[in-house]
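The structure appears right after this line, and notes come after that.
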Amino acid sequence: MLNHQKHTKSLSEPLFYDNADMKRLFNFSDKTLQRMRSNKSIPFVRIGKKYFYPVQYFKNLADQSCQD
């Protein structure tokens, strides 16, 4: 039962942020996101015309910031 609960919890957490999430969570503009993609300063995946950013990358950045 516990194993099932852990698995269910991980499914509810998103794997990727989209542009709207990035703008809302980090207060980035469209131009800032475009610049960061062009500079390859953040990882992203493009599917069709939408861009997605891995949540784990930003969690790792936050963890590193807390350790410093």
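Convention: chains lettered A, B, ... in structure tokens order; per-chain residue numbering from 1; ligands numbered from 1 as shown.
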Sort by chain and increasing residue number a table of all residues of segment 10-55 of chain A within 12 Å of segment 61-66 of chain A, each with its closest pair of atoms and their distance in Å to one decimal, counting only C-alpha atoms, and write it as a Markdown table.
```
| residue | atom | partner | partner_atom | distance |
| --- | --- | --- | --- | --- |
| A:Ile42 | CA | A:Leu61 | CA | 10.8 |
| A:Pro54 | CA | A:Leu61 | CA | 11.6 |
| A:Val55 | CA | A:Leu61 | CA | 10.1 |
```
Could the residues in this selection be saved with N, CA and C atoms as a PDB file, in the first residue's frame?
```pdb
ATOM      1  N   ILE A  42      19.311  27.360 -19.940  1.00  0.00           N
ATOM      2  CA  ILE A  42      18.371  26.453 -19.288  1.00  0.00           C
ATOM      3  C   ILE A  42      18.022  25.331 -20.265  1.00  0.00           C
ATOM      4  N   PRO A  54      12.410  21.071 -17.780  1.00  0.00           N
ATOM      5  CA  PRO A  54      12.355  20.013 -16.767  1.00  0.00           C
ATOM      6  C   PRO A  54      12.313  20.568 -15.340  1.00  0.00           C
ATOM      7  N   VAL A  55      11.313  20.151 -14.594  1.00  0.00           N
ATOM      8  CA  VAL A  55      11.125  20.585 -13.211  1.00  0.00           C
ATOM      9  C   VAL A  55      12.346  20.223 -12.365  1.00  0.00           C
TER      10      VAL A  55
END
```
Write out as an mmCIF file with N, CA and C atoms, in the first residue's frame all residues of chain A that DSSP puts in strand (DSSP E or B) for this structure's backbone.
```cif
data_model
loop_
_atom_site.group_PDB
_atom_site.id
_atom_site.type_symbol
_atom_site.label_atom_id
_atom_site.label_comp_id
_atom_site.auth_asym_id
_atom_site.auth_seq_id
_atom_site.Cartn_x
_atom_site.Cartn_y
_atom_site.Cartn_z
ATOM 1 N N PHE A 16 7.512 18.570 -16.245
ATOM 2 C CA PHE A 16 7.948 19.734 -17.012
ATOM 3 C C PHE A 16 7.090 20.940 -16.692
ATOM 4 N N TYR A 17 7.710 22.123 -16.771
ATOM 5 C CA TYR A 17 6.988 23.387 -16.741
ATOM 6 C C TYR A 17 6.811 23.837 -18.184
ATOM 7 N N ASP A 18 5.720 24.523 -18.476
ATOM 8 C CA ASP A 18 5.590 25.158 -19.783
ATOM 9 C C ASP A 18 5.890 26.651 -19.623
ATOM 10 N N VAL A 45 12.764 21.387 -23.954
ATOM 11 C CA VAL A 45 12.340 20.471 -25.008
ATOM 12 C C VAL A 45 11.256 21.195 -25.781
ATOM 13 N N ARG A 46 11.317 21.099 -27.083
ATOM 14 C CA ARG A 46 10.274 21.711 -27.908
ATOM 15 C C ARG A 46 9.423 20.596 -28.501
ATOM 16 N N ILE A 47 8.129 20.695 -28.282
ATOM 17 C CA ILE A 47 7.184 19.748 -28.869
ATOM 18 C C ILE A 47 6.176 20.574 -29.646
ATOM 19 N N LYS A 50 5.361 24.367 -28.701
ATOM 20 C CA LYS A 50 5.447 24.642 -27.268
ATOM 21 C C LYS A 50 6.806 24.233 -26.717
ATOM 22 N N TYR A 51 7.256 24.990 -25.727
ATOM 23 C CA TYR A 51 8.510 24.700 -25.039
ATOM 24 C C TYR A 51 8.197 24.188 -23.639
ATOM 25 N N PHE A 52 8.994 23.209 -23.207
ATOM 26 C CA PHE A 52 8.845 22.632 -21.881
ATOM 27 C C PHE A 52 10.212 22.601 -21.203
ATOM 28 N N TYR A 53 10.207 22.809 -19.887
ATOM 29 C CA TYR A 53 11.432 22.915 -19.104
ATOM 30 C C TYR A 53 11.365 21.889 -17.965
ATOM 31 N N PRO A 54 12.410 21.071 -17.780
ATOM 32 C CA PRO A 54 12.355 20.013 -16.767
ATOM 33 C C PRO A 54 12.313 20.568 -15.340
#
```
Backbone-only DSSP, alpha helix (DSSP H) members of chain A, as a PyMOL selection string: chain A and resi 2-12+19-26+30-38+55-67
Selection: 10 Å around Leu33 of chain A, only C-alpha atoms, excl. self and same-chain fewer than 2 positions, as an MDAnalysis selection string: chainID A and resid 19 22:23 28:31 35:39 41:42 51
Only N, CA and C atoms, please: the residues just picked out, written as a compact mmCIF listing (two decimals), in the first residue's frame.
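As a result, selection.txt now contains:
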```txt
# COMPACT_ATOMS: atom_id res chain seq x y z
N ASN A 19 5.78 27.40 -20.69
CA ASN A 19 6.11 28.84 -20.63
C ASN A 19 5.26 29.56 -19.60
N MET A 22 6.63 28.93 -16.14
CA MET A 22 7.90 29.63 -15.93
C MET A 22 7.66 31.12 -15.68
N LYS A 23 6.75 31.69 -16.44
CA LYS A 23 6.45 33.11 -16.27
C LYS A 23 5.82 33.37 -14.91
N PHE A 28 9.42 35.45 -15.24
CA PHE A 28 10.17 35.63 -16.49
C PHE A 28 9.22 36.16 -17.56
N SER A 29 9.75 36.96 -18.45
CA SER A 29 8.98 37.40 -19.61
C SER A 29 9.22 36.42 -20.76
N ASP A 30 8.40 36.56 -21.81
CA ASP A 30 8.60 35.72 -22.98
C ASP A 30 9.99 35.94 -23.57
N LYS A 31 10.41 37.20 -23.63
CA LYS A 31 11.72 37.54 -24.19
C LYS A 31 12.85 36.94 -23.35
N ARG A 35 15.61 34.33 -24.71
CA ARG A 35 17.04 34.59 -24.58
C ARG A 35 17.74 33.43 -23.86
N MET A 36 17.13 32.92 -22.81
CA MET A 36 17.72 31.83 -22.05
C MET A 36 17.80 30.55 -22.89
N ARG A 37 16.80 30.32 -23.73
CA ARG A 37 16.86 29.16 -24.64
C ARG A 37 17.96 29.36 -25.67
N SER A 38 18.06 30.56 -26.23
CA SER A 38 19.08 30.85 -27.25
C SER A 38 20.48 30.71 -26.69
N ASN A 39 20.68 31.16 -25.45
CA ASN A 39 21.99 31.07 -24.80
C ASN A 39 22.27 29.68 -24.24
N SER A 41 21.14 28.52 -21.56
CA SER A 41 21.39 28.62 -20.12
C SER A 41 20.39 27.81 -19.30
N ILE A 42 19.31 27.36 -19.94
CA ILE A 42 18.37 26.45 -19.29
C ILE A 42 18.02 25.33 -20.27
N TYR A 51 7.26 24.99 -25.73
CA TYR A 51 8.51 24.70 -25.04
C TYR A 51 8.20 24.19 -23.64
```
